[in-house]
$ cat input_15.cif   # mmCIF, C-alpha atoms and all ligand atoms
data_work
#
loop_
_atom_site.label_atom_id
_atom_site.label_comp_id
_atom_site.auth_asym_id
_atom_site.auth_seq_id
_atom_site.Cartn_x
_atom_site.Cartn_y
_atom_site.Cartn_z
CA MET W 1 25.80 -18.18 0.80
CA ARG W 2 25.40 -14.46 0.91
CA ILE W 3 25.10 -13.23 -2.66
CA ASP W 4 27.37 -10.23 -3.04
CA MET W 5 25.38 -7.45 -4.67
CA LYS W 6 28.61 -5.66 -5.64
CA GLU W 7 29.25 -8.42 -8.17
CA PHE W 8 26.30 -7.14 -10.15
CA THR W 9 26.53 -3.38 -9.79
CA GLY W 10 28.72 -0.56 -11.01
CA GLU W 11 30.47 0.37 -14.24
CA CYS W 12 30.49 -2.44 -16.77
CA THR W 13 32.34 -3.22 -19.98
CA CYS W 14 28.98 -2.95 -21.78
CA GLY W 15 29.14 0.79 -21.15
CA LYS W 16 26.35 0.82 -18.60
CA GLU W 17 26.40 1.45 -14.91
CA HIS W 18 24.33 -1.40 -13.52
CA ARG W 19 22.13 -0.74 -10.51
CA LEU W 20 20.02 -2.99 -8.33
CA LYS W 21 16.87 -2.36 -6.34
CA VAL W 22 17.41 -5.34 -4.05
CA LYS W 23 19.89 -4.60 -1.28
CA ASP W 24 20.71 -8.00 0.20
CA MET W 25 20.23 -11.60 -0.75
CA ILE W 26 21.05 -14.81 1.09
CA LEU W 27 20.63 -18.33 -0.15
CA GLU W 28 21.62 -21.07 2.28
CA GLN W 29 20.36 -23.79 4.60
CA GLY W 30 18.70 -22.27 7.61
CA ALA W 31 18.63 -18.78 6.06
CA LEU W 32 15.35 -18.08 7.86
CA GLN W 33 17.18 -18.07 11.18
CA ARG W 34 19.18 -15.08 10.02
CA ILE W 35 16.17 -12.81 9.51
CA PRO W 36 16.43 -11.22 13.01
CA GLU W 37 20.13 -10.52 12.42
CA PHE W 38 19.29 -8.63 9.21
CA LEU W 39 16.45 -6.72 10.82
CA GLN W 40 18.88 -5.32 13.38
CA LYS W 41 20.96 -3.75 10.62
CA ASP W 42 20.48 -0.75 8.37
CA PRO W 43 18.38 -0.09 6.39
CA TYR W 44 16.04 -2.61 8.00
CA THR W 45 16.04 -1.26 11.57
CA GLN W 46 13.59 1.47 10.58
CA TYR W 47 10.82 -1.08 10.01
CA ARG W 48 8.81 -2.04 13.06
CA ASN W 49 5.42 -3.26 11.92
CA PHE W 50 5.56 -6.27 9.67
CA ALA W 51 2.77 -8.12 7.91
CA MET W 52 3.43 -11.47 6.29
CA VAL W 53 1.49 -12.64 3.24
CA CYS W 54 1.41 -16.43 2.82
CA ASP W 55 -1.01 -19.28 2.19
CA ASP W 56 -1.85 -22.36 4.27
CA HIS W 57 0.94 -24.41 2.66
CA THR W 58 3.69 -21.81 2.71
CA TYR W 59 2.78 -20.92 6.29
CA GLU W 60 3.57 -24.51 7.25
CA ALA W 61 6.72 -24.57 5.08
CA ALA W 62 8.28 -21.33 6.34
CA GLY W 63 5.70 -18.81 7.54
CA LYS W 64 5.34 -20.40 10.96
CA GLU W 65 9.06 -20.01 11.52
CA VAL W 66 9.06 -16.41 10.28
CA GLU W 67 6.20 -15.66 12.69
CA ARG W 68 8.23 -17.11 15.55
CA LEU W 69 11.31 -15.10 14.58
CA ILE W 70 9.70 -11.68 14.18
CA ARG W 71 7.87 -10.70 17.30
CA GLY W 72 4.51 -9.04 16.75
CA ILE W 73 4.34 -9.79 13.04
CA LYS W 74 0.81 -9.82 11.60
CA VAL W 75 -0.12 -12.80 9.46
CA ILE W 76 -2.27 -12.81 6.32
CA LYS W 77 -2.82 -16.48 5.61
CA LEU W 78 -4.69 -17.05 2.35
CA ASN W 79 -6.55 -20.13 1.21
CA PRO W 80 -4.39 -21.64 -1.58
CA GLU W 81 -7.47 -23.08 -3.30
CA ASN W 82 -7.95 -21.08 -6.51
CA LEU W 83 -5.55 -18.40 -5.33
CA HIS W 84 -4.19 -16.38 -8.24
CA ALA W 85 -2.44 -13.08 -8.79
CA ASN W 86 -5.67 -11.48 -9.95
CA GLU W 87 -8.20 -8.86 -8.85
CA ILE W 88 -9.77 -11.35 -6.41
CA GLY W 89 -6.45 -12.20 -4.73
CA VAL W 90 -5.59 -8.50 -4.54
CA GLN W 91 -8.91 -7.80 -2.84
CA LYS W 92 -8.34 -10.54 -0.25
CA VAL W 93 -4.98 -9.09 0.77
CA ARG W 94 -6.36 -5.55 0.73
CA LYS W 95 -9.19 -6.48 3.09
CA ALA W 96 -6.76 -8.09 5.52
CA LEU W 97 -4.39 -5.12 5.39
CA GLU W 98 -7.25 -2.73 6.14
CA GLN W 99 -7.68 -4.47 9.50
CA MET W 100 -4.08 -3.70 10.41
CA GLU W 101 -2.62 -0.39 11.39
CA GLY W 102 0.74 1.17 10.66
CA ILE W 103 2.25 -1.69 8.66
CA ASP W 104 5.58 -0.40 7.34
CA CYS W 105 7.05 -3.52 5.74
CA LEU W 106 5.52 -6.58 4.07
CA ILE W 107 7.01 -10.06 3.93
CA ALA W 108 6.09 -12.43 1.11
CA VAL W 109 6.38 -16.07 2.14
CA GLY W 110 5.55 -18.26 -0.84
CA SER W 111 6.13 -18.65 -4.54
CA GLY W 112 5.19 -16.53 -7.56
CA THR W 113 1.55 -15.75 -6.79
CA ILE W 114 2.16 -14.71 -3.17
CA HIS W 115 5.06 -12.53 -4.32
CA ASP W 116 3.05 -10.80 -7.02
CA LEU W 117 0.19 -10.09 -4.62
CA THR W 118 2.65 -8.75 -2.04
CA ARG W 119 4.66 -6.58 -4.43
CA TYR W 120 1.44 -5.14 -5.80
CA HIS W 121 0.37 -3.95 -2.33
CA ALA W 122 3.87 -2.84 -1.36
CA TYR W 123 3.81 -0.55 -4.39
CA GLU W 124 0.29 0.68 -3.69
CA ASP W 125 1.04 1.43 -0.05
CA GLN W 126 4.56 2.70 -0.83
CA ILE W 127 6.21 0.39 1.67
CA PRO W 128 9.05 -2.08 1.05
CA PHE W 129 8.80 -5.84 1.15
CA ILE W 130 11.04 -8.76 2.04
CA SER W 131 10.99 -11.91 -0.06
CA VAL W 132 11.03 -15.39 1.45
CA PRO W 133 10.71 -17.76 -1.53
CA THR W 134 9.46 -21.23 -0.66
CA ALA W 135 10.11 -22.86 -4.06
CA ALA W 136 12.60 -22.58 -6.92
CA SER W 137 9.71 -22.17 -9.33
CA VAL W 138 10.21 -18.83 -11.14
CA ASP W 139 12.84 -16.20 -11.79
CA GLY W 140 10.51 -13.34 -10.95
CA TYR W 141 11.10 -13.04 -7.20
CA VAL W 142 13.04 -9.80 -7.57
CA SER W 143 10.92 -8.51 -10.43
CA THR W 144 9.77 -4.90 -10.37
CA VAL W 145 6.51 -5.74 -12.10
CA ALA W 146 3.66 -7.91 -10.89
CA ALA W 147 2.48 -10.50 -13.41
CA MET W 148 -1.25 -10.18 -12.86
CA SER W 149 -4.31 -11.61 -14.48
CA TRP W 150 -6.74 -8.68 -14.44
CA TYR W 151 -10.37 -9.53 -15.16
CA GLY W 152 -9.23 -12.35 -17.42
CA PHE W 153 -6.37 -10.52 -19.10
CA LYS W 154 -2.68 -10.93 -18.45
CA LYS W 155 -1.15 -7.68 -17.38
CA SER W 156 2.30 -6.67 -16.19
CA MET W 157 1.61 -4.08 -13.53
CA ILE W 158 4.13 -1.67 -12.09
CA ALA W 159 5.14 -2.84 -8.63
CA VAL W 160 8.32 -3.09 -6.56
CA SER W 161 11.25 -5.42 -6.09
CA PRO W 162 11.93 -6.78 -2.60
CA ILE W 163 14.70 -5.03 -0.68
CA LEU W 164 15.88 -8.27 0.89
CA VAL W 165 15.64 -11.89 -0.27
CA VAL W 166 15.97 -14.67 2.30
CA ALA W 167 16.01 -17.98 0.44
CA ASP W 168 16.28 -20.98 2.74
CA SER W 169 17.48 -23.90 0.63
CA ARG W 170 16.12 -26.41 3.13
CA VAL W 171 12.62 -25.01 2.60
CA ILE W 172 13.09 -24.83 -1.17
CA ALA W 173 14.31 -28.43 -1.41
CA HIS W 174 11.05 -29.56 0.20
CA ALA W 175 8.76 -27.76 -2.25
CA PRO W 176 6.52 -29.90 -4.48
CA MET W 177 8.50 -31.31 -7.43
CA ARG W 178 6.10 -29.77 -9.92
CA LEU W 179 7.09 -26.28 -8.72
CA THR W 180 10.77 -27.16 -9.00
CA ALA W 181 10.28 -28.53 -12.52
CA SER W 182 8.58 -25.28 -13.42
CA GLY W 183 11.65 -23.37 -12.21
CA VAL W 184 13.86 -25.62 -14.34
CA GLY W 185 11.71 -24.71 -17.37
CA ASP W 186 11.91 -21.00 -16.60
CA LEU W 187 15.70 -21.13 -16.22
CA LEU W 188 16.35 -23.33 -19.28
CA GLY W 189 14.35 -20.76 -21.24
CA LYS W 190 17.38 -18.49 -21.01
CA TYR W 191 18.99 -20.53 -23.81
CA THR W 192 16.68 -19.06 -26.43
CA ALA W 193 16.30 -15.74 -24.59
CA LEU W 194 20.06 -15.18 -24.78
CA ALA W 195 20.20 -16.38 -28.39
CA ASP W 196 17.47 -13.89 -29.35
CA TRP W 197 19.38 -11.11 -27.61
CA LYS W 198 22.68 -11.98 -29.31
CA ILE W 199 21.15 -12.32 -32.78
CA THR W 200 19.34 -8.99 -32.46
CA HIS W 201 22.56 -7.37 -31.28
CA LEU W 202 24.36 -8.77 -34.35
CA LEU W 203 21.75 -7.35 -36.69
CA ASN W 204 20.76 -3.94 -35.36
CA GLY W 205 23.31 -3.22 -32.66
CA GLU W 206 20.85 -3.43 -29.73
CA SER W 207 22.97 -3.02 -26.61
CA ILE W 208 24.02 -6.24 -24.95
CA CYS W 209 25.97 -7.08 -21.80
CA SER W 210 28.49 -9.89 -22.13
CA ARG W 211 28.95 -10.00 -18.35
CA ILE W 212 25.26 -10.83 -17.91
CA CYS W 213 25.37 -13.37 -20.74
CA SER W 214 28.34 -15.25 -19.29
CA MET W 215 26.82 -15.27 -15.79
CA GLU W 216 23.64 -16.77 -17.22
CA TYR W 217 25.45 -19.39 -19.29
CA GLU W 218 27.36 -20.41 -16.18
CA ALA W 219 24.09 -20.77 -14.27
CA LEU W 220 22.71 -22.92 -17.11
CA ASP W 221 25.78 -25.18 -17.03
CA ASN W 222 25.39 -25.59 -13.29
CA LEU W 223 21.72 -26.41 -13.67
CA LYS W 224 22.46 -29.09 -16.26
CA LYS W 225 24.77 -30.81 -13.80
CA SER W 226 22.21 -30.55 -10.98
CA LEU W 227 19.13 -32.16 -12.53
CA GLU W 228 19.65 -35.61 -10.96
CA GLY W 229 20.40 -33.94 -7.64
CA LEU W 230 17.04 -32.18 -7.75
CA ILE W 231 15.24 -35.51 -8.02
CA ARG W 232 17.31 -36.86 -5.14
CA GLY W 233 16.45 -33.82 -3.03
CA GLU W 234 20.05 -32.66 -2.69
CA ILE W 235 20.35 -29.23 -1.12
CA ALA W 236 23.32 -28.26 -3.31
CA ALA W 237 21.31 -28.92 -6.48
CA TYR W 238 18.45 -26.75 -5.22
CA GLU W 239 20.89 -23.98 -4.41
CA LYS W 240 22.25 -24.11 -7.98
CA LEU W 241 18.75 -23.86 -9.47
CA MET W 242 17.66 -21.13 -7.08
CA TYR W 243 20.86 -19.19 -7.63
CA GLY W 244 20.26 -19.28 -11.39
CA LEU W 245 16.70 -18.05 -10.97
CA LEU W 246 17.71 -15.24 -8.61
CA LEU W 247 20.55 -14.28 -10.95
CA SER W 248 18.13 -14.07 -13.85
CA GLY W 249 15.99 -11.70 -11.79
CA LEU W 250 19.04 -9.59 -10.96
CA ALA W 251 20.02 -9.53 -14.65
CA MET W 252 16.65 -7.92 -15.43
CA GLN W 253 17.27 -5.27 -12.78
CA MET W 254 20.74 -4.68 -14.25
CA THR W 255 19.41 -3.97 -17.74
CA GLY W 256 16.17 -2.39 -16.57
CA ASN W 257 14.09 -4.69 -18.79
CA SER W 258 13.38 -8.39 -19.26
CA ARG W 259 15.68 -8.84 -22.29
CA PRO W 260 18.20 -11.12 -20.49
CA ALA W 261 15.46 -13.45 -19.28
CA SER W 262 12.77 -13.50 -21.91
CA GLY W 263 12.78 -14.32 -25.61
CA SER W 264 10.56 -16.19 -28.03
CA GLU W 265 9.99 -19.04 -25.53
CA HIS W 266 8.41 -16.52 -23.13
CA HIS W 267 6.41 -14.85 -25.88
CA MET W 268 4.91 -18.26 -26.65
CA ALA W 269 4.13 -18.79 -22.97
CA HIS W 270 2.52 -15.34 -22.76
CA PHE W 271 0.42 -16.10 -25.81
CA TRP W 272 -0.86 -19.30 -24.20
CA GLU W 273 -1.50 -17.42 -20.98
CA MET W 274 -3.87 -15.06 -22.73
CA ALA W 275 -7.44 -16.04 -22.22
CA VAL W 276 -8.18 -15.45 -25.88
CA ILE W 277 -7.26 -18.97 -26.83
CA ASN W 278 -9.73 -21.54 -25.56
CA GLU W 279 -10.11 -21.38 -21.80
CA GLU W 280 -7.19 -20.28 -19.70
CA ILE W 281 -4.75 -23.13 -19.25
CA SER W 282 -3.83 -24.08 -15.73
CA ALA W 283 -0.14 -24.89 -16.23
CA TYR W 284 2.49 -22.99 -14.26
CA HIS W 285 4.49 -20.23 -15.93
CA GLY W 286 7.73 -22.25 -16.08
CA GLU W 287 5.89 -25.26 -17.51
CA LYS W 288 4.69 -23.15 -20.42
CA VAL W 289 8.15 -21.64 -20.86
CA GLY W 290 9.66 -25.15 -21.01
CA VAL W 291 7.25 -26.18 -23.76
CA GLY W 292 7.90 -22.90 -25.59
CA LEU W 293 11.63 -23.53 -25.34
CA VAL W 294 11.41 -27.01 -26.89
CA LEU W 295 9.33 -25.57 -29.72
CA ALA W 296 11.61 -22.56 -30.27
CA SER W 297 14.73 -24.74 -30.19
CA ASP W 298 13.21 -27.06 -32.80
CA ILE W 299 12.27 -24.18 -35.10
CA TYR W 300 15.65 -22.43 -34.68
CA HIS W 301 17.66 -25.58 -35.37
CA LYS W 302 15.57 -26.35 -38.46
CA ALA W 303 16.27 -22.81 -39.66
CA ALA W 304 19.99 -23.29 -38.97
CA ASP W 305 19.94 -26.28 -41.37
CA TYR W 306 18.72 -23.99 -44.15
CA LEU W 307 21.21 -21.29 -43.19
CA ARG W 308 24.11 -23.75 -43.35
CA LYS W 309 23.07 -24.98 -46.81
CA GLY W 310 22.95 -21.38 -47.96
CA LYS W 311 20.17 -21.87 -50.51
CA PHE W 312 17.57 -19.34 -49.42
CA GLU W 313 16.15 -15.95 -50.30
CA ILE W 314 15.59 -13.01 -47.97
CA LYS W 315 12.64 -10.65 -48.39
CA GLU W 316 13.30 -6.94 -48.83
CA SER W 317 10.93 -6.11 -45.97
CA VAL W 318 8.35 -7.76 -43.73
CA ASP W 319 5.12 -6.01 -42.78
CA VAL W 320 3.24 -6.55 -39.54
CA GLU W 321 0.55 -9.18 -40.26
CA THR W 322 -2.42 -7.10 -39.19
CA ALA W 323 -5.01 -9.47 -40.66
CA LEU W 324 -3.52 -12.37 -38.69
CA ILE W 325 -3.53 -10.34 -35.46
CA GLU W 326 -7.18 -9.41 -36.01
CA ARG W 327 -8.14 -13.01 -36.71
CA ILE W 328 -6.49 -14.40 -33.57
CA PHE W 329 -7.32 -11.65 -31.09
CA THR W 330 -11.07 -11.35 -31.30
CA ASN W 331 -11.24 -9.17 -28.21
CA LYS W 332 -11.21 -5.63 -29.56
CA GLU W 333 -9.26 -3.94 -26.77
CA LEU W 334 -6.59 -6.64 -26.73
CA CYS W 335 -6.34 -6.57 -30.51
CA GLU W 336 -5.82 -2.80 -30.50
CA ASN W 337 -3.16 -3.16 -27.81
CA ILE W 338 -1.27 -5.76 -29.83
CA LYS W 339 -1.43 -3.56 -32.91
CA LYS W 340 -0.11 -0.61 -30.91
CA THR W 341 2.71 -2.80 -29.56
CA ASN W 342 3.76 -3.42 -33.16
CA ASP W 343 3.74 0.16 -34.33
CA PRO W 344 6.35 1.04 -35.48
CA ASN W 345 7.25 -2.28 -37.08
CA LEU W 346 10.34 -3.60 -35.27
CA LEU W 347 11.49 -5.54 -38.32
CA ASP W 348 12.11 -2.20 -40.07
CA THR W 349 15.26 -1.99 -37.92
CA ILE W 350 16.65 -5.08 -39.65
CA ASP W 351 18.55 -4.55 -42.89
CA PRO W 352 18.08 -7.61 -45.16
CA ALA W 353 21.62 -7.15 -46.51
CA VAL W 354 23.05 -7.36 -42.98
CA LEU W 355 20.84 -10.37 -42.27
CA LYS W 356 22.37 -12.15 -45.27
CA GLN W 357 25.87 -11.06 -44.35
CA LYS W 358 25.58 -12.36 -40.75
CA THR W 359 24.34 -15.84 -41.71
CA LYS W 360 27.38 -17.61 -40.27
CA GLU W 361 27.28 -15.73 -36.97
CA ILE W 362 23.54 -16.35 -36.57
CA THR W 363 24.04 -20.06 -37.23
CA ALA W 364 26.76 -20.16 -34.58
CA VAL W 365 24.46 -18.56 -31.99
CA ILE W 366 21.72 -21.12 -32.73
CA GLU W 367 24.22 -23.96 -32.38
CA GLU W 368 24.76 -22.90 -28.75
CA ILE W 369 21.12 -23.75 -27.97
CA PRO W 370 20.70 -27.40 -26.98
CA LYS W 371 18.73 -29.46 -29.50
CA PRO W 372 15.00 -29.93 -28.75
CA GLU W 373 15.51 -33.62 -27.82
CA GLU W 374 18.20 -32.61 -25.36
CA ILE W 375 16.00 -30.00 -23.72
CA GLU W 376 13.09 -32.40 -23.58
CA GLU W 377 15.30 -34.94 -21.86
CA MET W 378 16.39 -32.36 -19.28
CA LEU W 379 12.79 -31.37 -18.57
CA ARG W 380 11.62 -34.99 -18.36
CA LYS W 381 14.42 -35.74 -15.89
CA VAL W 382 12.63 -33.57 -13.34
CA ASN W 383 9.18 -34.79 -14.46
CA GLY W 384 8.55 -31.50 -16.23
CA THR W 385 6.30 -30.69 -19.18
CA ALA W 386 7.93 -30.55 -22.60
CA GLY W 387 5.33 -30.92 -25.34
CA LEU W 388 2.24 -29.05 -26.52
CA GLN W 389 0.08 -32.02 -25.53
CA ASP W 390 1.32 -31.71 -21.94
CA LEU W 391 -0.45 -28.34 -21.88
CA GLY W 392 -3.60 -29.78 -23.43
CA PHE W 393 -2.99 -28.40 -26.93
CA ASP W 394 -2.97 -30.33 -30.16
CA LEU W 395 -0.08 -30.06 -32.59
CA SER W 396 -1.83 -27.48 -34.78
CA MET W 397 -0.99 -25.00 -32.03
CA ARG W 398 2.64 -25.06 -33.17
CA GLU W 399 2.24 -23.08 -36.37
CA LYS W 400 -0.30 -20.67 -34.90
CA THR W 401 1.96 -19.97 -31.93
CA ALA W 402 5.08 -19.51 -34.05
CA LYS W 403 3.31 -16.98 -36.26
CA ILE W 404 1.59 -14.88 -33.63
CA ALA W 405 3.83 -15.09 -30.53
CA PRO W 406 6.43 -12.60 -31.84
CA TYR W 407 3.74 -9.90 -31.84
CA ILE W 408 2.95 -10.27 -28.14
CA ARG W 409 5.81 -8.01 -27.03
CA ASP W 410 7.69 -5.13 -28.61
CA ARG W 411 10.91 -7.07 -28.77
CA ILE W 412 12.85 -8.62 -31.63
CA THR W 413 13.46 -12.34 -31.46
CA PHE W 414 14.80 -14.74 -34.05
CA LEU W 415 11.27 -16.14 -34.25
CA ARG W 416 10.21 -12.76 -35.62
CA ILE W 417 13.30 -12.34 -37.83
CA LEU W 418 12.51 -15.73 -39.40
CA LYS W 419 9.65 -14.04 -41.27
CA PHE W 420 12.31 -12.62 -43.65
CA TYR W 421 13.36 -16.03 -44.98
CA ASP W 422 11.70 -17.93 -47.82
CA PHE W 423 11.93 -21.17 -45.79
CA TYR W 424 9.83 -19.66 -42.97
CA ASP W 425 6.70 -21.74 -43.58
CA LYS W 426 8.69 -24.96 -43.70
CA VAL W 427 10.37 -24.52 -40.32
CA ILE W 428 7.36 -23.38 -38.32
CA ARG W 429 5.12 -26.23 -39.46
ZN ZN M 501 9.82 -16.57 -16.83
ZN ZN M 502 27.02 -4.81 -18.43
#

$ encode --input "input_15.cif" --output "structure tokens"
Amino acid sequence: MRIDMKEFTGECTCGKEHRLKVKDMILEQGALQRIPEFLQKDPYTQYRNFAMVCDDHTYEAAGKEVERLIRGIKVIKLNPENLHANEIGVQKVRKALEQMEGIDCLIAVGSGTIHDLTRYHAYEDQIPFISVPTAASVDGYVSTVAAMSWYGFKKSMIAVSPILVVADSRVIAHAPMRLTASGVGDLLGKYTALADWKITHLLNGESICSRICSMEYEALDNLKKSLEGLIRGEIAAYEKLMYGLLLSGLAMQMTGNSRPASGSEHHMAHFWEMAVINEEISAYHGEKVGVGLVLASDIYHKAADYLRKGKFEIKESVDVETALIERIFTNKELCENIKKTNDPNLLDTIDPAVLKQKTKEITAVIEEIPKPEEIEEMLRKVNGTAGLQDLGFDLSMREKTAKIAPYIRDRITFLRILKFYDFYDKVIR
């Protein structure tokens, strides 16, 4: 299936003109075989000297075939052992690139880490890159930022989106199940991400795109129906999951930020990713998002119970909890960054009177999120992680995460808005 980029661009009912950085995208069985056909067309004909970034596993899965299809391509095959999108990984690719001359286009063959390393160098060297995903594990393939871990700290670094995505569903269906389950977690996370977006829109008028929302809900419905198929290795199921992940990436390009793809469930995952808490945990991004989603869904639905009963008070204002931030983030630089992220206080844009007035609408948005048990069941179906213990945390992490995660990004979520209600402490515990 060739994904028609025109479906996602142009004037929209939301008032925006949506643009994309990625020019072409195909997702089908045997897509790899079509690479030469694309390279003979504009704008790809101008590129002559390709270098592929892959690791030992992804070389076997798809890289070998890409090497056969593109004559003269240089290969940077990394050792997957302890390979991360960090300063060490960057250095490895840099060293290899220095041995090559006149490279004018990179090709990433792999999953998230390989893509982040490639997009980082594509940006640095001001050359484009082509994406060949080997697993349906994340929605970040077409991201314009590289999710790096820089000397122990998580950092989103400016990078570039691929110009072309060639997703071969036969390759993707053969990826390790753990990677697929991680992709399921990342995609299911859109339930709370979209709810956070809609609730914020209701309260302070933040711009929202209903076209993007309905495309994402459709992708979620398709994923729900495909979970058994994933276990059975059905190509069609993998195409549904991968389509949803690619769509989520396109949605971020359409809005120019991560709002359509990232809400409180991602803020929780980012918090756990930060080295400040214990040692860095080794779970995949989507695994953490899945656990964050179950937690967020549980908290939101508990809050909805209070909202339905109507017996609650709303505070006049909520200050940023500076003392809490200082207690949790003992690293000075990080702590200062978090404080800066929260200045000005985003909750000042919420009028408590409007919050009270929109109670019914907010409850309705929360009711669209599947219940935590339902989400857990979906994640377990693909052998995914769903609970804090799966990540090696004990249950005390729940309250700490709920309190601090909203401060990780300068974005309003319902998890942050909850701080207005007098039942806050009861639902986060
Ligand atoms: Zn994600
Ligand atoms: Zn729109």

$ residues_near_ligand --input "input_15.cif" --ligand "ligand ZN 501 (chain M)" --cutoff "7 Å" --atoms "all atoms listed in the file" --output "ChimeraX atom specification"
/W:138-140,186,261-262,266,285-286,289

$ atom_distance --input "input_15.cif" --atom1 "atom CA of W:Cys209" --atom2 "atom CA of W:Ser297"
22.6 Å

$ closest_residue --input "input_15.cif" --among "W:Thr13, W:Asn82, W:Gln46, W:Gln29" --to "ligand ZN 502 (chain M)" --atoms "all atoms listed in the file"
W:Thr13

$ closest_atom_pairs --input "input_15.cif" --of "chain W" --to "ligand ZN 502 (chain M)" --cutoff "12 Å" --atoms "all atoms listed in the file" --output "JSON lines"
{"residue": "W:Glu7", "atom": "CA", "partner": "M:ZN502", "partner_atom": "ZN", "distance": 11.1}
{"residue": "W:Phe8", "atom": "CA", "partner": "M:ZN502", "partner_atom": "ZN", "distance": 8.6}
{"residue": "W:Thr9", "atom": "CA", "partner": "M:ZN502", "partner_atom": "ZN", "distance": 8.8}
{"residue": "W:Gly10", "atom": "CA", "partner": "M:ZN502", "partner_atom": "ZN", "distance": 8.7}
{"residue": "W:Glu11", "atom": "CA", "partner": "M:ZN502", "partner_atom": "ZN", "distance": 7.5}
{"residue": "W:Cys12", "atom": "CA", "partner": "M:ZN502", "partner_atom": "ZN", "distance": 4.5}
{"residue": "W:Thr13", "atom": "CA", "partner": "M:ZN502", "partner_atom": "ZN", "distance": 5.8}
{"residue": "W:Cys14", "atom": "CA", "partner": "M:ZN502", "partner_atom": "ZN", "distance": 4.3}
{"residue": "W:Gly15", "atom": "CA", "partner": "M:ZN502", "partner_atom": "ZN", "distance": 6.6}
{"residue": "W:Lys16", "atom": "CA", "partner": "M:ZN502", "partner_atom": "ZN", "distance": 5.7}
{"residue": "W:Glu17", "atom": "CA", "partner": "M:ZN502", "partner_atom": "ZN", "distance": 7.2}
{"residue": "W:His18", "atom": "CA", "partner": "M:ZN502", "partner_atom": "ZN", "distance": 6.6}
{"residue": "W:Arg19", "atom": "CA", "partner": "M:ZN502", "partner_atom": "ZN", "distance": 10.2}
{"residue": "W:Ser207", "atom": "CA", "partner": "M:ZN502", "partner_atom": "ZN", "distance": 9.3}
{"residue": "W:Ile208", "atom": "CA", "partner": "M:ZN502", "partner_atom": "ZN", "distance": 7.3}
{"residue": "W:Cys209", "atom": "CA", "partner": "M:ZN502", "partner_atom": "ZN", "distance": 4.2}
{"residue": "W:Ser210", "atom": "CA", "partner": "M:ZN502", "partner_atom": "ZN", "distance": 6.5}
{"residue": "W:Arg211", "atom": "CA", "partner": "M:ZN502", "partner_atom": "ZN", "distance": 5.5}
{"residue": "W:Ile212", "atom": "CA", "partner": "M:ZN502", "partner_atom": "ZN", "distance": 6.3}
{"residue": "W:Cys213", "atom": "CA", "partner": "M:ZN502", "partner_atom": "ZN", "distance": 9.0}
{"residue": "W:Ser214", "atom": "CA", "partner": "M:ZN502", "partner_atom": "ZN", "distance": 10.6}
{"residue": "W:Met215", "atom": "CA", "partner": "M:ZN502", "partner_atom": "ZN", "distance": 10.8}
{"residue": "W:Leu250", "atom": "CA", "partner": "M:ZN502", "partner_atom": "ZN", "distance": 11.9}
{"residue": "W:Ala251", "atom": "CA", "partner": "M:ZN502", "partner_atom": "ZN", "distance": 9.3}
{"residue": "W:Met252", "atom": "CA", "partner": "M:ZN502", "partner_atom": "ZN", "distance": 11.2}
{"residue": "W:Gln253", "atom": "CA", "partner": "M:ZN502", "partner_atom": "ZN", "distance": 11.3}
{"residue": "W:Met254", "atom": "CA", "partner": "M:ZN502", "partner_atom": "ZN", "distance": 7.5}
{"residue": "W:Thr255", "atom": "CA", "partner": "M:ZN502", "partner_atom": "ZN", "distance": 7.7}
{"residue": "W:Gly256", "atom": "CA", "partner": "M:ZN502", "partner_atom": "ZN", "distance": 11.3}
{"residue": "W:Pro260", "atom": "CA", "partner": "M:ZN502", "partner_atom": "ZN", "distance": 11.0}

$ closest_atom_pairs --input "input_15.cif" --of "stretch 280-327 of chain W" --to "stretch 350-360 of chain W" --cutoff "10 Å" --atoms "all atoms listed in the file" --output "Markdown table"
| residue | atom | partner | partner_atom | distance |
| --- | --- | --- | --- | --- |
| W:Ala304 | CA | W:Thr359 | CA | 9.1 |
| W:Leu307 | CA | W:Thr359 | CA | 6.5 |
| W:Arg308 | CA | W:Lys360 | CA | 7.6 |
| W:Gly310 | CA | W:Thr359 | CA | 8.5 |
| W:Phe312 | CA | W:Lys356 | CA | 9.6 |
| W:Glu313 | CA | W:Lys356 | CA | 8.9 |
| W:Ile314 | CA | W:Pro352 | CA | 6.6 |
| W:Lys315 | CA | W:Pro352 | CA | 7.0 |
| W:Glu316 | CA | W:Pro352 | CA | 6.1 |
| W:Ser317 | CA | W:Pro352 | CA | 7.4 |
| W:Val318 | CA | W:Ile350 | CA | 9.6 |

$ closest_residue --input "input_15.cif" --among "W:Gly112, W:Gly244, W:Gly384, W:Pro133" --to "W:Met148" --atoms "all atoms listed in the file"
W:Gly112

$ closest_residue --input "input_15.cif" --among "W:Val427, W:Ile235, W:Leu223, W:Leu395" --to "W:Gly30" --atoms "all atoms listed in the file"
W:Ile235
